[in-house]
Amino acid sequence: MTTRHVTVGVDGTLIAVRALDRAAEEAVLRGALLDIVYAVPDLDEAGPVLASASARVRERNPGLPVKASAFEGGPVQALAQHGRGAELTVVGTRGLGGIAGLLFGSVSLRLAARMRGPLLVVGGGNHQSASRGEVLLGMESDADADAAASAFAEAARRGVRLSVLDAAASRRPAPVPPALIPADQGRDDAVVRVPTEQAVPRRAVAGLRQRYPQVEVEFRTCDSGRVHSLLEATREAAVVVVGAHGHPHRIGPRPGPVTAALLHHSHCPVAIV
């Protein structure tokens with residue numbers, strides 16, 4: 001598929017319907033075609049679900065181009081294939097917690113480890129509109145440059161504020177208080193006392209504020225643990241954007257602990273770049 005498109009996976013469940021609605025909003029924001037995919041063991045089973053999904057999108061988003069197709073096989077393989085050239089791939093998740101969920105994962109966890117393009121995961125409690133609430137960027141290092149660029153673009157597209165939460169701040173040495181710096185060390189050594197904005201990885205966002213001057217940016221640091229801070233911040237966000245940090249696992253690559261926690265417990269959809 002060469003046309004600009006947003007891909008979404010459906011299966012007839014309520015979670016998939018919420019993912020479908022969000023995917024349609026994202027397609028409208030991008031001026032892209034909506035590609036609805038249903039993975040089934042038998043292609044003859046797909047007709048009713050695809051017809052219902054297409055009718056719902058056309059009723060709620062008149063004029064949005066829609067394509068619906070069935071895929072014989074598993075949902076991870078189907079969405080990974082259809083999402084290769086997509087502007088965005090959207091999938092729903094039940095947000096199951098606990099050790100079993102983290103070990104064996106869901107479609108969203110497995111997709112997060114395999115996708116080459118951006119993935120948006122919509123949970124059962126994610127009811128926020130795509131155009132309401134701020135865009136939240138969770139940064140772990142300067143390696144998250146792609147996630148930063150995506151977050152700026154999302155904020156500009158929606159016309160909302162971007163909040164940059166430095167998820168690595170809690171792992172950095174605390175600034176040295178002035179009273180603990182010997183007077184004979186000179187002014188240069190006191191540079192550890194930097195403003196909050198300077199404590200955020202700067203290289204990953206260098207130039208982005210100039211490229212997107214219309215985007216209001218707020219910088220935050222984690223003061224109660226990076227995972228807890230990110231999860232709390234998702235309550236008011238339209239979407240949280242994080243970088244993909246895959247880790248090896250005996251049953252296949254898995255996202256890092258921050259991404260996994262967001263996939264299970266975020267209050268808004270999670271975009272993995």
# chains A, B, ... in the order shown; residues from 1 in each chain; ligands from 1
call {"tool": "residues_around", "arguments": {"residues": "range 49-56 of chain A", "least_positions_apart": "2", "cutoff": "12 Å", "atoms": "only C-alpha atoms", "output": "VMD selection string"}}
result
chain A and resid 8 to 14 16 to 21 23 to 24 34 to 40 43 to 47 58 to 62 64 to 71
call {"tool": "closest_residue", "arguments": {"among": "A:Ala78, A:Val239, A:Ala261, A:Val270", "to": "Glu134 in chain A", "atoms": "only C-alpha atoms"}}
result
A:Val239
call {"tool": "closest_residue", "arguments": {"among": "A:Val135, A:Val242, A:Val76, A:Ala153", "to": "Glu218 in chain A", "atoms": "only C-alpha atoms"}}
result
A:Val135
call {"tool": "residues_around", "arguments": {"residues": "range 149-152 of chain A", "least_positions_apart": "2", "cutoff": "8 Å", "atoms": "only C-alpha atoms", "output": "VMD selection string"}}
result
chain A and resid 135 to 137 145 to 147 154 to 156 162 205 208 212 215 241 273
call {"tool": "select_by_dssp", "arguments": {"residues": "range 22-162 of chain A", "states": "strand (DSSP E)", "output": "compact mmCIF listing (two decimals) with N, CA, C and O atoms, in the first residue's frame"}}
result
# COMPACT_ATOMS: atom_id res chain seq x y z
N LEU A 33 -5.75 7.66 4.59
CA LEU A 33 -6.72 6.58 4.47
C LEU A 33 -6.67 5.72 5.72
O LEU A 33 -5.61 5.54 6.33
N LEU A 34 -7.82 5.15 6.12
CA LEU A 34 -7.87 4.24 7.25
C LEU A 34 -7.89 2.80 6.73
O LEU A 34 -8.80 2.40 5.99
N ASP A 35 -6.90 2.04 7.10
CA ASP A 35 -6.75 0.64 6.68
C ASP A 35 -7.16 -0.26 7.84
O ASP A 35 -6.44 -0.36 8.84
N ILE A 36 -8.33 -0.91 7.71
CA ILE A 36 -8.86 -1.77 8.77
C ILE A 36 -8.45 -3.21 8.47
O ILE A 36 -8.72 -3.73 7.39
N VAL A 37 -7.82 -3.85 9.45
CA VAL A 37 -7.30 -5.21 9.26
C VAL A 37 -7.89 -6.14 10.31
O VAL A 37 -7.92 -5.82 11.51
N TYR A 38 -8.34 -7.32 9.85
CA TYR A 38 -8.87 -8.34 10.75
C TYR A 38 -8.13 -9.64 10.46
O TYR A 38 -8.20 -10.18 9.35
N ALA A 39 -7.40 -10.15 11.44
CA ALA A 39 -6.67 -11.41 11.30
C ALA A 39 -7.53 -12.56 11.81
O ALA A 39 -7.97 -12.54 12.97
N VAL A 40 -7.74 -13.55 10.96
CA VAL A 40 -8.61 -14.68 11.31
C VAL A 40 -8.03 -15.99 10.79
O VAL A 40 -7.27 -15.99 9.82
N VAL A 66 -11.70 4.65 3.43
CA VAL A 66 -11.56 3.46 4.25
C VAL A 66 -11.28 2.25 3.37
O VAL A 66 -11.90 2.08 2.31
N LYS A 67 -10.37 1.42 3.82
CA LYS A 67 -10.12 0.14 3.19
C LYS A 67 -10.16 -0.92 4.27
O LYS A 67 -9.60 -0.75 5.34
N ALA A 68 -10.85 -2.03 3.99
CA ALA A 68 -10.96 -3.12 4.97
C ALA A 68 -10.48 -4.42 4.32
O ALA A 68 -10.84 -4.73 3.19
N SER A 69 -9.67 -5.16 5.05
CA SER A 69 -9.14 -6.41 4.49
C SER A 69 -8.94 -7.44 5.59
O SER A 69 -8.67 -7.11 6.74
N ALA A 70 -9.09 -8.72 5.19
CA ALA A 70 -8.87 -9.83 6.11
C ALA A 70 -7.49 -10.41 5.86
O ALA A 70 -6.96 -10.36 4.75
N PHE A 71 -6.92 -10.95 6.93
CA PHE A 71 -5.58 -11.55 6.87
C PHE A 71 -5.66 -12.93 7.50
O PHE A 71 -6.10 -13.07 8.64
N GLU A 72 -5.25 -13.94 6.76
CA GLU A 72 -5.29 -15.29 7.30
C GLU A 72 -4.02 -15.54 8.10
O GLU A 72 -2.93 -15.66 7.55
N LEU A 88 0.83 5.39 10.96
CA LEU A 88 0.60 4.97 12.33
C LEU A 88 -0.14 3.64 12.30
O LEU A 88 -0.97 3.40 11.42
N THR A 89 0.19 2.77 13.24
CA THR A 89 -0.56 1.52 13.43
C THR A 89 -1.22 1.58 14.80
O THR A 89 -0.58 1.92 15.79
N VAL A 90 -2.51 1.25 14.85
CA VAL A 90 -3.28 1.36 16.09
C VAL A 90 -3.81 -0.01 16.48
O VAL A 90 -4.32 -0.76 15.65
N VAL A 91 -3.69 -0.32 17.76
CA VAL A 91 -4.18 -1.60 18.27
C VAL A 91 -4.75 -1.37 19.66
O VAL A 91 -4.31 -0.47 20.39
N GLY A 92 -5.73 -2.18 20.04
CA GLY A 92 -6.31 -2.09 21.37
C GLY A 92 -5.66 -3.08 22.31
O GLY A 92 -5.10 -4.09 21.89
N THR A 93 -5.72 -2.80 23.59
CA THR A 93 -5.20 -3.72 24.60
C THR A 93 -6.11 -3.68 25.81
O THR A 93 -6.68 -2.64 26.15
N LEU A 119 3.65 2.97 16.67
CA LEU A 119 2.53 2.14 17.11
C LEU A 119 1.77 2.88 18.20
O LEU A 119 2.36 3.39 19.15
N LEU A 120 0.44 2.95 18.06
CA LEU A 120 -0.41 3.57 19.07
C LEU A 120 -1.26 2.49 19.72
O LEU A 120 -2.01 1.78 19.04
N VAL A 121 -1.13 2.36 21.04
CA VAL A 121 -1.85 1.34 21.79
C VAL A 121 -2.95 2.01 22.60
O VAL A 121 -2.68 2.88 23.42
N VAL A 122 -4.19 1.58 22.37
CA VAL A 122 -5.36 2.17 23.02
C VAL A 122 -5.89 1.18 24.05
O VAL A 122 -6.22 0.04 23.71
N GLY A 123 -5.95 1.59 25.30
CA GLY A 123 -6.44 0.72 26.38
C GLY A 123 -7.93 0.86 26.59
O GLY A 123 -8.59 1.77 26.05
N GLU A 134 -2.96 17.38 26.49
CA GLU A 134 -1.62 17.63 25.99
C GLU A 134 -0.99 16.38 25.43
O GLU A 134 -1.48 15.27 25.61
N VAL A 135 0.13 16.57 24.72
CA VAL A 135 0.97 15.46 24.30
C VAL A 135 2.09 15.33 25.33
O VAL A 135 2.72 16.31 25.70
N LEU A 136 2.30 14.13 25.81
CA LEU A 136 3.31 13.85 26.84
C LEU A 136 4.46 13.06 26.21
O LEU A 136 4.23 12.05 25.55
N LEU A 137 5.69 13.54 26.42
CA LEU A 137 6.87 12.85 25.92
C LEU A 137 7.67 12.31 27.09
O LEU A 137 8.12 13.08 27.94
N GLY A 138 7.82 10.99 27.16
CA GLY A 138 8.64 10.38 28.19
C GLY A 138 10.01 10.06 27.63
O GLY A 138 10.14 9.21 26.75
N MET A 139 11.04 10.75 28.11
CA MET A 139 12.40 10.58 27.59
C MET A 139 13.26 9.81 28.58
O MET A 139 13.23 10.07 29.78
N LEU A 162 3.02 20.50 24.56
CA LEU A 162 3.87 19.32 24.71
C LEU A 162 4.54 19.38 26.08
O LEU A 162 5.22 20.36 26.41
call {"tool": "atom_distance", "arguments": {"atom1": "CA of Gly207 in chain A", "atom2": "CA of Leu263 in chain A"}}
result
29.5 Å
call {"tool": "residues_around", "arguments": {"residues": "Gly85 in chain A", "least_positions_apart": "4", "cutoff": "10 Å", "atoms": "only C-alpha atoms", "output": "list of chain:residue names"}}
result
A:Met1, A:Thr2, A:Thr3, A:Arg4, A:His5, A:Val6, A:Thr7, A:Ala80, A:Gln81, A:Thr89, A:Arg116, A:Gly117
call {"tool": "write_last_selection", "arguments": {"atoms": "all heavy atoms", "output": "PDB file, in the first residue's frame"}}
result
ATOM      1  N   MET A   1       0.855  -1.194   0.000  1.00  0.00           N
ATOM      2  CA  MET A   1       0.000   0.000   0.000  1.00  0.00           C
ATOM      3  C   MET A   1       0.888   1.241   0.000  1.00  0.00           C
ATOM      4  O   MET A   1       1.656   1.471   0.915  1.00  0.00           O
ATOM      5  CB  MET A   1      -0.910  -0.014   1.240  1.00  0.00           C
ATOM      6  CG  MET A   1      -1.793   1.217   1.362  1.00  0.00           C
ATOM      7  SD  MET A   1      -2.884   1.143   2.795  1.00  0.00           S
ATOM      8  CE  MET A   1      -3.986  -0.163   2.319  1.00  0.00           C
ATOM      9  N   THR A   2       0.782   2.039  -1.057  1.00  0.00           N
ATOM     10  CA  THR A   2       1.615   3.235  -1.181  1.00  0.00           C
ATOM     11  C   THR A   2       0.890   4.492  -0.702  1.00  0.00           C
ATOM     12  O   THR A   2       1.520   5.494  -0.412  1.00  0.00           O
ATOM     13  CB  THR A   2       2.049   3.427  -2.643  1.00  0.00           C
ATOM     14  OG1 THR A   2       0.888   3.481  -3.482  1.00  0.00           O
ATOM     15  CG2 THR A   2       2.922   2.254  -3.090  1.00  0.00           C
ATOM     16  N   THR A   3      -0.440   4.471  -0.643  1.00  0.00           N
ATOM     17  CA  THR A   3      -1.196   5.619  -0.165  1.00  0.00           C
ATOM     18  C   THR A   3      -0.911   5.850   1.314  1.00  0.00           C
ATOM     19  O   THR A   3      -0.750   4.900   2.085  1.00  0.00           O
ATOM     20  CB  THR A   3      -2.709   5.366  -0.352  1.00  0.00           C
ATOM     21  OG1 THR A   3      -2.959   5.066  -1.720  1.00  0.00           O
ATOM     22  CG2 THR A   3      -3.517   6.580   0.063  1.00  0.00           C
ATOM     23  N   ARG A   4      -0.819   7.113   1.717  1.00  0.00           N
ATOM     24  CA  ARG A   4      -0.643   7.424   3.128  1.00  0.00           C
ATOM     25  C   ARG A   4      -1.822   6.852   3.903  1.00  0.00           C
ATOM     26  O   ARG A   4      -2.982   7.087   3.556  1.00  0.00           O
ATOM     27  CB  ARG A   4      -0.556   8.932   3.333  1.00  0.00           C
ATOM     28  CG  ARG A   4       0.674   9.554   2.708  1.00  0.00           C
ATOM     29  CD  ARG A   4       0.702  11.064   2.869  1.00  0.00           C
ATOM     30  NE  ARG A   4       0.657  11.477   4.259  1.00  0.00           N
ATOM     31  CZ  ARG A   4      -0.310  12.206   4.798  1.00  0.00           C
ATOM     32  NH1 ARG A   4      -1.327  12.602   4.059  1.00  0.00           N
ATOM     33  NH2 ARG A   4      -0.266  12.559   6.066  1.00  0.00           N
ATOM     34  N   HIS A   5      -1.535   6.091   4.941  1.00  0.00           N
ATOM     35  CA  HIS A   5      -2.615   5.407   5.643  1.00  0.00           C
ATOM     36  C   HIS A   5      -2.300   5.195   7.111  1.00  0.00           C
ATOM     37  O   HIS A   5      -1.144   5.195   7.534  1.00  0.00           O
ATOM     38  CB  HIS A   5      -2.918   4.061   4.973  1.00  0.00           C
ATOM     39  CG  HIS A   5      -1.786   3.075   5.041  1.00  0.00           C
ATOM     40  ND1 HIS A   5      -0.663   3.189   4.249  1.00  0.00           N
ATOM     41  CD2 HIS A   5      -1.597   1.966   5.801  1.00  0.00           C
ATOM     42  CE1 HIS A   5       0.165   2.190   4.507  1.00  0.00           C
ATOM     43  NE2 HIS A   5      -0.373   1.437   5.448  1.00  0.00           N
ATOM     44  N   VAL A   6      -3.364   5.025   7.877  1.00  0.00           N
ATOM     45  CA  VAL A   6      -3.304   4.607   9.272  1.00  0.00           C
ATOM     46  C   VAL A   6      -3.905   3.213   9.335  1.00  0.00           C
ATOM     47  O   VAL A   6      -5.008   2.986   8.828  1.00  0.00           O
ATOM     48  CB  VAL A   6      -4.093   5.567  10.188  1.00  0.00           C
ATOM     49  CG1 VAL A   6      -4.234   4.982  11.596  1.00  0.00           C
ATOM     50  CG2 VAL A   6      -3.412   6.926  10.244  1.00  0.00           C
ATOM     51  N   THR A   7      -3.188   2.270   9.924  1.00  0.00           N
ATOM     52  CA  THR A   7      -3.652   0.887  10.020  1.00  0.00           C
ATOM     53  C   THR A   7      -4.200   0.616  11.413  1.00  0.00           C
ATOM     54  O   THR A   7      -3.624   1.051  12.407  1.00  0.00           O
ATOM     55  CB  THR A   7      -2.489  -0.087   9.727  1.00  0.00           C
ATOM     56  OG1 THR A   7      -2.101   0.059   8.351  1.00  0.00           O
ATOM     57  CG2 THR A   7      -2.908  -1.528   9.964  1.00  0.00           C
ATOM     58  N   ALA A  80       1.940  -6.103  11.721  1.00  0.00           N
ATOM     59  CA  ALA A  80       3.321  -5.765  11.394  1.00  0.00           C
ATOM     60  C   ALA A  80       3.495  -5.608   9.888  1.00  0.00           C
ATOM     61  O   ALA A  80       4.212  -4.718   9.417  1.00  0.00           O
ATOM     62  CB  ALA A  80       4.264  -6.838  11.931  1.00  0.00           C
ATOM     63  N   GLN A  81       2.824  -6.469   9.118  1.00  0.00           N
ATOM     64  CA  GLN A  81       2.932  -6.391   7.661  1.00  0.00           C
ATOM     65  C   GLN A  81       2.212  -5.175   7.113  1.00  0.00           C
ATOM     66  O   GLN A  81       2.760  -4.421   6.306  1.00  0.00           O
ATOM     67  CB  GLN A  81       2.350  -7.666   7.043  1.00  0.00           C
ATOM     68  CG  GLN A  81       2.377  -7.686   5.518  1.00  0.00           C
ATOM     69  CD  GLN A  81       1.950  -9.032   4.960  1.00  0.00           C
ATOM     70  OE1 GLN A  81       2.391 -10.087   5.427  1.00  0.00           O
ATOM     71  NE2 GLN A  81       1.071  -9.015   3.968  1.00  0.00           N
ATOM     72  N   THR A  89       0.187   2.766  13.242  1.00  0.00           N
ATOM     73  CA  THR A  89      -0.561   1.525  13.429  1.00  0.00           C
ATOM     74  C   THR A  89      -1.221   1.578  14.795  1.00  0.00           C
ATOM     75  O   THR A  89      -0.584   1.922  15.788  1.00  0.00           O
ATOM     76  CB  THR A  89       0.362   0.294  13.339  1.00  0.00           C
ATOM     77  OG1 THR A  89       0.956   0.248  12.036  1.00  0.00           O
ATOM     78  CG2 THR A  89      -0.410  -0.992  13.575  1.00  0.00           C
ATOM     79  N   ARG A 116       8.300  -1.534  12.960  1.00  0.00           N
ATOM     80  CA  ARG A 116       9.329  -0.630  12.448  1.00  0.00           C
ATOM     81  C   ARG A 116       8.825   0.812  12.410  1.00  0.00           C
ATOM     82  O   ARG A 116       9.612   1.743  12.397  1.00  0.00           O
ATOM     83  CB  ARG A 116       9.750  -1.061  11.040  1.00  0.00           C
ATOM     84  CG  ARG A 116      10.378  -2.449  10.992  1.00  0.00           C
ATOM     85  CD  ARG A 116      11.636  -2.499  11.802  1.00  0.00           C
ATOM     86  NE  ARG A 116      12.274  -3.800  11.764  1.00  0.00           N
ATOM     87  CZ  ARG A 116      13.329  -4.132  12.475  1.00  0.00           C
ATOM     88  NH1 ARG A 116      13.853  -3.266  13.329  1.00  0.00           N
ATOM     89  NH2 ARG A 116      13.857  -5.343  12.392  1.00  0.00           N
ATOM     90  N   GLY A 117       7.520   0.988  12.376  1.00  0.00           N
ATOM     91  CA  GLY A 117       6.939   2.327  12.364  1.00  0.00           C
ATOM     92  C   GLY A 117       6.263   2.616  13.689  1.00  0.00           C
ATOM     93  O   GLY A 117       6.246   1.780  14.594  1.00  0.00           O
TER      94      GLY A 117
END
call {"tool": "closest_residue", "arguments": {"among": "A:Arg209, A:Arg30, A:Arg220, A:Arg110", "to": "Ala86 in chain A", "atoms": "only C-alpha atoms"}}
result
A:Arg30
call {"tool": "closest_residue", "arguments": {"among": "A:Ile272, A:Val28, A:Val227, A:Val160", "to": "Met115 in chain A", "atoms": "only C-alpha atoms"}}
result
A:Ile272
call {"tool": "residues_around", "arguments": {"residues": "Leu231 in chain A", "least_positions_apart": "3", "cutoff": "10 Å", "atoms": "only C-alpha atoms", "output": "VMD selection string"}}
result
chain A and resid 226 to 228 234 to 235 240 258 261 to 262 265 to 268
call {"tool": "write_last_selection", "arguments": {"atoms": "N, CA and C atoms", "output": "tab-separated table (two decimals), in the first residue's frame"}}
result
chain	number	residue	atom	x	y	z
A	226	ARG	N	10.26	7.37	38.02
A	226	ARG	CA	9.95	7.65	36.61
A	226	ARG	C	8.66	6.98	36.16
A	227	VAL	N	8.42	5.72	36.52
A	227	VAL	CA	7.22	5.04	36.06
A	227	VAL	C	5.98	5.68	36.68
A	228	HIS	N	6.02	5.91	37.99
A	228	HIS	CA	4.87	6.52	38.67
A	228	HIS	C	4.58	7.91	38.11
A	234	THR	N	-0.17	10.77	32.56
A	234	THR	CA	-1.05	10.33	31.46
A	234	THR	C	-2.52	10.61	31.74
A	235	ARG	N	-2.86	10.99	32.98
A	235	ARG	CA	-4.26	11.26	33.30
A	235	ARG	C	-4.81	12.44	32.50
A	240	VAL	N	0.70	9.66	25.15
A	240	VAL	CA	2.06	9.69	25.68
A	240	VAL	C	2.96	9.02	24.65
A	258	VAL	N	9.60	0.60	31.42
A	258	VAL	CA	8.77	1.81	31.38
A	258	VAL	C	7.66	1.65	30.35
A	261	ALA	N	5.05	-0.91	31.48
A	261	ALA	CA	4.17	-0.37	32.50
A	261	ALA	C	3.11	0.55	31.89
A	262	LEU	N	3.53	1.37	30.93
A	262	LEU	CA	2.58	2.26	30.26
A	262	LEU	C	1.54	1.46	29.48
A	265	HIS	N	-0.93	0.16	32.13
A	265	HIS	CA	-1.61	1.01	33.12
A	265	HIS	C	-1.82	2.46	32.70
A	266	SER	N	-1.43	2.87	31.50
A	266	SER	CA	-1.58	4.26	31.10
A	266	SER	C	-3.04	4.67	31.04
A	267	HIS	N	-3.30	5.93	31.40
A	267	HIS	CA	-4.66	6.49	31.34
A	267	HIS	C	-4.96	7.06	29.96
A	268	CYS	N	-4.00	7.09	29.07
A	268	CYS	CA	-4.22	7.58	27.71
A	268	CYS	C	-3.52	6.63	26.74
call {"tool": "closest_residue", "arguments": {"among": "A:Thr259, A:Ala112, A:Pro118, A:Asp166", "to": "Arg84 in chain A", "atoms": "only C-alpha atoms"}}
result
A:Pro118
